[in-house]
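Participant: Sharing a structure, written as structure tokens. Questions coming.
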Amino acid sequence: MNMVSAHNFKSVTYRAVGMRHIEKNKPCEDNVFCYSSKEGVLCAALSDGAGSYKYAAIGSDIAARTSATFLAEKFERLYGLDNGTIAEYVQHEVLRPIEELASKEKEDVIQYSATLLCVALHPDGRYIILHVGDGAIVGLNLQNKTEVISLYEHTGPANQTSFITDSFLEAFVKKGNGEYASFIMMSDGPEDFLVSEVGANPRVRLIQQLAFFLDEDSMHQQLESLLKLLTDHGMDDDASFAIVCDMREFSTVLLSVSPEFRKMMFSIENDFSKAKKKRLKQILNVISDSPTGVTLHELTQRIYSHSKTITKRKIDFLCSMNIIKQENGRFFIS
């Protein structure tokens with residue numbers, strides 16, 4: 001489990017060994033990795049090693065780490081390319097260390113086969129999504145609804161899929177700007193229970209919403225609880241998740257969730273009036289767009305308030321709910 005923040009973004013990665021591997025005394029062959037470049041590009045990657053191959057776990061580890069680093073570091077160059085070329089560049093980058101290792105071990109590259117799911121976010125709002133093999137990528141849009149962005153379609157046996165090591169790569173690539181508050185990637189273990197061609201299970205949206213508000217330990221507990229529920233319903237495969245949130249959409253998510261959700265999270269008894277939503281959104285947008293925080297004076301100026309006293313009165317409510325916090329005279333999203 002790992003949580004990373006980069007400028008305006010936050011990520012959560014998590015993996016767990018499945019019952020099938022526990023019974024066979026095998027380790028988890030899913031791997032997840034998150035990387036942030038100096039330019040503030042955040043990329044999370046998830047890779048599921050092909051269990052029928054000898055070095056599947058090693059292959060998935062290399063695929064996740066290499067692709068996340070490459071997409072973040074080379075985002076600007078890649079974004080200007082067509083989708084097919086982006087996929088080819090990522091595959092070439094991933095295959096290079098795998099081929100070196102395979103040569104050293106005198107093994108076939110296929111023994112390192114793994115799927116690959118990546119989401120890279122640029123501070124200006126652009127994103128690149130890449131998906132090879134099974135698993136699913138779901139977006140939480142700005143209307144607080146989930147969209148299944150990428151889902152592998154099995155044209156053959158259910159246990160057959162594409163891998164990043166394939167000679168003829170089948171990859172889904174999408175580029176865009178804005179549109180989504182967050183993305184969640186998952187391996188095929190939980191995918192079978194949470195996502196279909198019809199849409200995503202409501203629990204997927206809940207997890208994406210919670211990722212905006214909860215700390216690392218709390219998200220760890222939420223994902224553990226979800227996997228226990230899925231295991232109770234028959235999931236026995238390894239499971240992994242990677243979530244990336246655009247924290248500049250913090251107010252969009254907070255103000256679009258149900259009153260019941262806000263009551264559960266922040267003990268807010270009543271729903272917000274339209275006027276209060278507007279005031280809170282204005283304040284939260286300023287704070288969430290400032291990774292280094294804002295002072296009371298800066299906030300007063302940016303929300304065009306008449307005085308610091310009025311600004312302080314407006315943010316006291318958010319502080320009392322632990323939605324924002326004050327550290328060294330500056331205000332941050334909690």
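Chain identifiers are assigned as A, B, and so on, following the order in which chains appear in the structure tokens; residues are numbered from 1 within each chain, and ligands are numbered from 1 in order of appearance.
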Using only C-alpha atoms, what table do you get, as CSV, when you list each residue of range 46-130 of chain A with an atom no more than 12 Å from range 188-196 of chain A, its nearest pair of atoms, and their distance in Å rounded to one decimal, rows by chain then rising number?
Facilitator:
residue,atom,partner,partner_atom,distance
A:Leu46,CA,A:Asp188,CA,11.0
A:Ser47,CA,A:Asp188,CA,10.2
A:Asp48,CA,A:Asp188,CA,8.1
A:Gly49,CA,A:Asp188,CA,10.9
A:Ala50,CA,A:Asp188,CA,11.1
A:Ala114,CA,A:Asp188,CA,11.9
A:Thr115,CA,A:Asp188,CA,9.7
A:Leu116,CA,A:Asp188,CA,11.2
A:Leu117,CA,A:Asp188,CA,11.1
Participant: Save the residues we just selected, N, CA, C and O atoms, as a CSV table (one decimal), in the first residue's frame?
Facilitator:
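out-v4.csv written:
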chain,number,residue,atom,x,y,z
A,46,LEU,N,-0.3,-0.2,-12.9
A,46,LEU,CA,-0.7,-1.5,-12.3
A,46,LEU,C,-0.4,-2.6,-13.3
A,46,LEU,O,-0.7,-2.4,-14.5
A,47,SER,N,0.2,-3.7,-12.8
A,47,SER,CA,0.5,-4.8,-13.7
A,47,SER,C,0.2,-6.1,-13.0
A,47,SER,O,0.6,-6.3,-11.9
A,48,ASP,N,-0.4,-7.0,-13.8
A,48,ASP,CA,-0.8,-8.3,-13.2
A,48,ASP,C,0.0,-9.3,-14.0
A,48,ASP,O,-0.2,-9.5,-15.2
A,49,GLY,N,0.9,-10.0,-13.3
A,49,GLY,CA,1.7,-11.0,-13.9
A,49,GLY,C,0.9,-12.2,-14.3
A,49,GLY,O,0.0,-12.7,-13.6
A,50,ALA,N,1.3,-12.8,-15.5
A,50,ALA,CA,0.6,-14.0,-16.0
A,50,ALA,C,1.0,-15.2,-15.2
A,50,ALA,O,2.1,-15.7,-15.3
A,114,ALA,N,3.0,-10.0,-18.5
A,114,ALA,CA,2.2,-9.3,-17.6
A,114,ALA,C,1.3,-8.3,-18.3
A,114,ALA,O,1.6,-7.8,-19.4
A,115,THR,N,0.1,-8.0,-17.7
A,115,THR,CA,-0.7,-6.9,-18.2
A,115,THR,C,-0.2,-5.6,-17.8
A,115,THR,O,0.8,-5.5,-17.0
A,116,LEU,N,-0.8,-4.5,-18.3
A,116,LEU,CA,-0.3,-3.2,-17.9
A,116,LEU,C,-1.4,-2.1,-18.0
A,116,LEU,O,-2.0,-2.0,-19.0
A,117,LEU,N,-1.7,-1.4,-16.9
A,117,LEU,CA,-2.6,-0.3,-16.9
A,117,LEU,C,-1.9,0.9,-16.3
A,117,LEU,O,-1.3,0.8,-15.3
Participant: Quick one: residues within 7 Å of Asp236 in chain A, only C-alpha atoms, excluding same-chain residues fewer than 6 positions away - as a count of residues only?
Facilitator: 3
Participant: Hey, can you check how far CA of Tyr79 in chain A sits from CA of Arg126 in chain A?
Facilitator: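 Answer for the CA of Tyr79 in chain A to CA of Arg126 in chain A separation: 8.6 Å.
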Participant: Hey, what does DSSP flag as helix (DSSP H, G or I) within range 95-324 of chain A? Can you give it to me as an MDAnalysis selection string?
Facilitator: chainID A and resid 95:105 109:112 188:194 202:213 216:232 247:256 259:266 274:288 296:302 308:320
Participant: Applying 12 Å and only C-alpha atoms, which residues near range 54-60 of chain A remain after dropping the ones on its own chain fewer than 3 positions away? List them as an MDAnalysis selection string.
Facilitator: chainID A and resid 17 26:33 45:51 63:67 94:102 105 107:117 163:165 187 238 240
Participant: From the DSSP assignment of the backbone, select every residue of range 6-44 of chain A that is strand (DSSP E), and format the answer as a list in words.
Facilitator: Ala6, Phe9, Lys10, Ser11, Val12, Thr13, Tyr14, Arg15, Ala16, Asp30, Asn31, Val32, Phe33, Cys34, Tyr35, Ser36, Leu42, Cys43 and Ala44 of chain A
Participant: Would you mind exporting the chosen residues as a short mmCIF file (atom, residue, chain, number, x, y, z; two decimals), in the first residue's frame, restricted to N, CA, C and O atoms?
Facilitator:
data_model
loop_
_atom_site.label_atom_id
_atom_site.label_comp_id
_atom_site.auth_asym_id
_atom_site.auth_seq_id
_atom_site.Cartn_x
_atom_site.Cartn_y
_atom_site.Cartn_z
N ALA A 6 1.62 14.70 -5.41
CA ALA A 6 2.50 15.44 -6.31
C ALA A 6 1.77 16.68 -6.76
O ALA A 6 0.86 16.60 -7.58
N PHE A 9 -1.96 16.48 -7.26
CA PHE A 9 -2.49 15.12 -7.38
C PHE A 9 -2.19 14.28 -6.13
O PHE A 9 -1.27 14.55 -5.37
N LYS A 10 -2.99 13.25 -6.00
CA LYS A 10 -2.84 12.30 -4.90
C LYS A 10 -3.08 10.91 -5.47
O LYS A 10 -3.94 10.73 -6.33
N SER A 11 -2.31 9.94 -5.03
CA SER A 11 -2.52 8.58 -5.51
C SER A 11 -2.55 7.60 -4.36
O SER A 11 -1.96 7.84 -3.30
N VAL A 12 -3.23 6.50 -4.58
CA VAL A 12 -3.27 5.40 -3.62
C VAL A 12 -3.03 4.12 -4.41
O VAL A 12 -3.69 3.89 -5.43
N THR A 13 -2.08 3.31 -3.99
CA THR A 13 -1.85 2.02 -4.63
C THR A 13 -1.95 0.92 -3.58
O THR A 13 -1.55 1.11 -2.43
N TYR A 14 -2.47 -0.22 -4.00
CA TYR A 14 -2.72 -1.31 -3.04
C TYR A 14 -2.72 -2.64 -3.78
O TYR A 14 -3.22 -2.74 -4.90
N ARG A 15 -2.17 -3.67 -3.15
CA ARG A 15 -2.22 -5.01 -3.72
C ARG A 15 -2.32 -6.03 -2.60
O ARG A 15 -1.86 -5.80 -1.47
N ALA A 16 -2.92 -7.18 -2.92
CA ALA A 16 -3.09 -8.24 -1.91
C ALA A 16 -3.06 -9.59 -2.60
O ALA A 16 -3.57 -9.75 -3.72
N ASP A 30 0.63 -9.46 -8.67
CA ASP A 30 0.26 -8.10 -9.08
C ASP A 30 1.29 -7.12 -8.52
O ASP A 30 1.81 -7.32 -7.42
N ASN A 31 1.56 -6.07 -9.26
CA ASN A 31 2.43 -5.00 -8.76
C ASN A 31 1.84 -3.65 -9.14
O ASN A 31 1.25 -3.49 -10.21
N VAL A 32 2.00 -2.68 -8.24
CA VAL A 32 1.52 -1.32 -8.46
C VAL A 32 2.64 -0.35 -8.11
O VAL A 32 3.44 -0.60 -7.21
N PHE A 33 2.69 0.76 -8.84
CA PHE A 33 3.77 1.72 -8.62
C PHE A 33 3.31 3.11 -9.04
O PHE A 33 2.56 3.26 -10.00
N CYS A 34 3.77 4.11 -8.29
CA CYS A 34 3.45 5.49 -8.61
C CYS A 34 4.73 6.31 -8.66
O CYS A 34 5.62 6.11 -7.84
N TYR A 35 4.78 7.22 -9.62
CA TYR A 35 5.98 8.04 -9.81
C TYR A 35 5.58 9.47 -10.14
O TYR A 35 4.65 9.71 -10.90
N SER A 36 6.32 10.43 -9.56
CA SER A 36 6.08 11.85 -9.82
C SER A 36 7.34 12.49 -10.38
O SER A 36 8.42 12.35 -9.81
N LEU A 42 2.18 13.15 -12.54
CA LEU A 42 2.02 11.97 -11.68
C LEU A 42 1.52 10.81 -12.52
O LEU A 42 0.57 10.96 -13.30
N CYS A 43 2.17 9.66 -12.42
CA CYS A 43 1.73 8.47 -13.14
C CYS A 43 1.65 7.29 -12.19
O CYS A 43 2.59 7.02 -11.44
N ALA A 44 0.52 6.61 -12.22
CA ALA A 44 0.34 5.37 -11.47
C ALA A 44 0.19 4.24 -12.47
O ALA A 44 -0.45 4.40 -13.52
#
Participant: Interatomic distance between CA of Gly125 in chain A and CA of Gly176 in chain A?
Facilitator: 8.2 Å
